[in-house]
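Take a look at the structure below.
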Amino acid sequence: QHNAWVYQGGGLELLRELYGVPKALAAERIAAARAAVSVAGAAAQPQLGVEASAQSGRSDPSLPRSDRLALGAQANWELDLFGRLDAARQASQARLEAALLAWHDGRVSLAAEVASAYVTLRACEAQLAQGELDLQSRAETARLTTLSANAGLLAPADAALARASAATARQQQTAGRLACERQVKALVALSAQPESALRERLAPGRGQVPALGSAPLPQVPAALLALRPDLVESQARLRAAAADVLQAERDQLPRLSLSGQIGVAHSRSVGLSASGSTWSLGPLALTLPLWDGGARAAQQRAAQAAYDSLRTQLEAQVRGAVRDVEQALLALQASQDRRADAQMAVDGFDTALRATQARQRGGVASLFELEDARRQAVAARNVLIELDQQRALAAVSLVRALGGGWRADDAPAPSDPMPASATAGAGLTTR
């Protein structure tokens with residue numbers, strides 16, 4: 001089990017509403033796979049039926065009319081002599097497992113997408129707050145520069161440059177607010193919740209980049225085969241393809257079937273009637289395919305080609321899974337290594353800002369020096385926010401690459417393909 005990745009602002013409650021979006025599609029695929037399992041299992045069982053018949057007529061002009069009534073049960077059973085029907089059952093069962101695993105993989109992917117959007121929103125809000133401080137600083141600089149230019153102490157070009165800098169900051173703030181609103185709209189689309197309710201849930205923790213825990217890593221890359229639902233799904237599809245190959249091979253061998261019937265009948269002709277029971281056992285038929293123009297052999301080759309293709313895809317998926325984990329780890333390590341220097345820069349510029357504020361109050365430093373120190377401090381904090389965002393997104397990617405903490409026993413019931421408990425593996429909690 002992976003440790004929880006902590007998100008402020010109602011992340012868990014938000015996720016509980018998300019799975020209604022792919023619910024119908026997942027339900028259809030799983031229901032179809034379950035039906036296929038039932039069909040394959042029924043093919044190996046005796047087929048029972050009831051037949052009722054009534055007949056009246058005269059087949060020869062010299063004979064009188066005859067009437068016949070019959071009611072009986074009949075059975076047909078193909079004995080699975082060489083395992084053809086069992087191979088079909090195994091294939092359908094493996095495809096059902098694949099459909100359930102695709103449901104798991106969809107949940108993990110959706111949770112990762114929501115988490116990324118949530119992290120991006122919080123980072124956007126934090127940068128927007130820093131941008132507001134930068135805008136106030138530039139506006140104050142523009143005001144002071146304009147006063148100095150009007151007094152003849154500075155050139156008019158300097159005042160124009162300061163006003164242009166303030167206008168640029170306002171434009172950046174407008175763009176930043178638009179970016180944050182887009183993230184909110186993205187979360188609205190993912191959750192299918194009313195926007196007002198979603199904004200209420202997002203209100204706590206505004207502007208705070210999520211704090212993250214840690215996740216245990218597999219000892220060897222092969223452990224990913226059991227951690228990621230998409231890889232387990234591919235293995236299930238590969239087992240289904242192997243069963244298809246076996247079924248195609250067995251389809252070229254003889255088939256043995258047995259039939260029988262039992263019933264009651266009543267007949268009448270020329271005033272005479274007879275009633276009684278009827279039964280028969282057999283025939284016991286052995287069918288051996290001799291010539292079909294190569295159709296069965298072609299089906300076997302096609303099944304083998306499909307198996308080889310799926311095996312190649314699985315090998316590529318495993319390599320891609322290892323690459324995803326390694327890239328996420330590299331991104332996490334790089335952001336962690338850079339964060340120490342970024343934090344040092346923030347501390348240094350904050351110290352310089354406090355010193356400049358003290359000097360300005362003592363009349364030693366000018367307002368221009370103060371505003372310049374404030375802008376440097378704001379820029380350093382923005383760099384730190386970006387690093388925290390990169391680290392959080394890398395952590396989300398790592399959790400996704402490690403399978404999202406899904407559990408194979410958390411399978412959807414036939415009547416409820418998306419239970420609320422499914423969010424337990426999403427890796428999001430509140431604090």
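The chains in the structure tokens are called A, B, ... from first to last as shown; in each chain the residues are counted from 1, and the ligands are counted from 1 in the order shown.
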Do you have, as a Markdown table, the list of residues of region 164-258 of chain A lying at most 12 Å from region 275-291 of chain A, each with its nearest atom pair and that distance in Å to one decimal, counting only C-alpha atoms and ordered by chain then number?
```
| residue | atom | partner | partner_atom | distance |
| --- | --- | --- | --- | --- |
| A:Arg250 | CA | A:Pro289 | CA | 11.3 |
| A:Asp251 | CA | A:Pro289 | CA | 8.9 |
| A:Gln252 | CA | A:Pro289 | CA | 6.6 |
| A:Leu253 | CA | A:Leu288 | CA | 6.6 |
| A:Pro254 | CA | A:Leu288 | CA | 4.3 |
| A:Arg255 | CA | A:Thr287 | CA | 5.1 |
| A:Leu256 | CA | A:Leu286 | CA | 4.6 |
| A:Ser257 | CA | A:Ala285 | CA | 5.3 |
| A:Leu258 | CA | A:Leu284 | CA | 4.6 |
```
Go ahead and dump the residues you just picked, N, CA, C and O atoms, as a PDB file, in the first residue's frame.
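Everything below was put into selection.pdb:
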```pdb
ATOM      1  N   ARG A 250      -7.527 -27.070 -31.006  1.00  0.00           N
ATOM      2  CA  ARG A 250      -8.465 -28.144 -30.674  1.00  0.00           C
ATOM      3  C   ARG A 250      -9.634 -28.207 -31.657  1.00  0.00           C
ATOM      4  O   ARG A 250     -10.262 -29.258 -31.818  1.00  0.00           O
ATOM      5  N   ASP A 251      -9.889 -27.106 -32.341  1.00  0.00           N
ATOM      6  CA  ASP A 251     -10.997 -27.076 -33.284  1.00  0.00           C
ATOM      7  C   ASP A 251     -10.721 -27.942 -34.507  1.00  0.00           C
ATOM      8  O   ASP A 251     -11.639 -28.283 -35.263  1.00  0.00           O
ATOM      9  N   GLN A 252      -9.468 -28.325 -34.711  1.00  0.00           N
ATOM     10  CA  GLN A 252      -9.108 -29.180 -35.844  1.00  0.00           C
ATOM     11  C   GLN A 252      -9.167 -30.667 -35.490  1.00  0.00           C
ATOM     12  O   GLN A 252      -8.909 -31.505 -36.350  1.00  0.00           O
ATOM     13  N   LEU A 253      -9.510 -30.966 -34.226  1.00  0.00           N
ATOM     14  CA  LEU A 253      -9.564 -32.358 -33.774  1.00  0.00           C
ATOM     15  C   LEU A 253     -11.013 -32.848 -33.788  1.00  0.00           C
ATOM     16  O   LEU A 253     -11.948 -32.058 -33.904  1.00  0.00           O
ATOM     17  N   PRO A 254     -11.233 -34.157 -33.657  1.00  0.00           N
ATOM     18  CA  PRO A 254     -12.605 -34.685 -33.693  1.00  0.00           C
ATOM     19  C   PRO A 254     -13.458 -34.143 -32.549  1.00  0.00           C
ATOM     20  O   PRO A 254     -12.947 -33.780 -31.480  1.00  0.00           O
ATOM     21  N   ARG A 255     -14.789 -34.120 -32.789  1.00  0.00           N
ATOM     22  CA  ARG A 255     -15.753 -33.717 -31.784  1.00  0.00           C
ATOM     23  C   ARG A 255     -16.677 -34.889 -31.486  1.00  0.00           C
ATOM     24  O   ARG A 255     -17.098 -35.608 -32.403  1.00  0.00           O
ATOM     25  N   LEU A 256     -16.997 -35.057 -30.208  1.00  0.00           N
ATOM     26  CA  LEU A 256     -17.859 -36.150 -29.776  1.00  0.00           C
ATOM     27  C   LEU A 256     -19.105 -35.553 -29.141  1.00  0.00           C
ATOM     28  O   LEU A 256     -19.008 -34.726 -28.222  1.00  0.00           O
ATOM     29  N   SER A 257     -20.279 -35.951 -29.625  1.00  0.00           N
ATOM     30  CA  SER A 257     -21.534 -35.413 -29.102  1.00  0.00           C
ATOM     31  C   SER A 257     -22.520 -36.543 -28.858  1.00  0.00           C
ATOM     32  O   SER A 257     -22.475 -37.596 -29.523  1.00  0.00           O
ATOM     33  N   LEU A 258     -23.417 -36.310 -27.899  1.00  0.00           N
ATOM     34  CA  LEU A 258     -24.427 -37.285 -27.530  1.00  0.00           C
ATOM     35  C   LEU A 258     -25.764 -36.577 -27.454  1.00  0.00           C
ATOM     36  O   LEU A 258     -25.857 -35.470 -26.915  1.00  0.00           O
TER      37      LEU A 258
END
```
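Residue nearest Thr146 (chain A) within the list A:Ala392, A:Ala160, A:Val346, A:Val264: A:Ala160 [criterion: smallest interatomic distance, only C-alpha atoms].
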Shell of 12 Å around Lys185 (chain A), only C-alpha atoms, local chain residues under 2 positions omitted, as a PyMOL selection string: chain A and resi 114+117-118+121+178-183+187-196+198-199
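Around region 126-131 of chain A, within 9 Å and counting only C-alpha atoms, the residues found are Leu121, Arg122, Ala123, Cys124, Leu133, Asp134, Leu135, Gln136, Ala169, Arg170, Gln172, Gln173, Gly176, Arg177, Cys180, Arg206, Gly207, Gln208, Val209, Val378, Ala379, Arg381, Asn382, Ile385 and Glu386 of chain A, once anything fewer than 2 positions away on its own chain is removed.
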Near-Leu101 (chain A) list (7 Å; only C-alpha atoms; drop same-chain fewer than 6 positions) as a PyMOL selection string: chain A and resi 229-230+233
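Among A:Ala242, A:Ala373, A:Val50, A:Val108, the residue with the shortest atom-to-atom distance to Gln360 (chain A), counting only C-alpha atoms, is A:Ala373.
Minimum atom-to-atom distance to Ala321 (chain A), evaluated using only C-alpha atoms, belongs to A:Arg400 out of A:Arg400, A:Arg89, A:Arg268, A:Arg163.
If you look at CA of Ala305 (chain A) and CA of Leu81 (chain A), they are 25.9 Å away from each other.
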Point-to-point distance from CA of Gln313 (chain A) to CA of Arg239 (chain A), Å rounded to tenths: 13.4 Å
All strand (DSSP E) residues (DSSP, backbone) inside region 178-385 of chain A, as an MDAnalysis selection string: chainID A and resid 255:269 272:287
Between CA of Gln317 (chain A) and CA of Ala99 (chain A) - distance in Å to one decimal: 17.6 Å
Residue with smallest distance to Glu315 (chain A) - pool A:Ala111, A:Ala157, A:Leu144, A:Leu238, counting only C-alpha atoms: A:Leu238
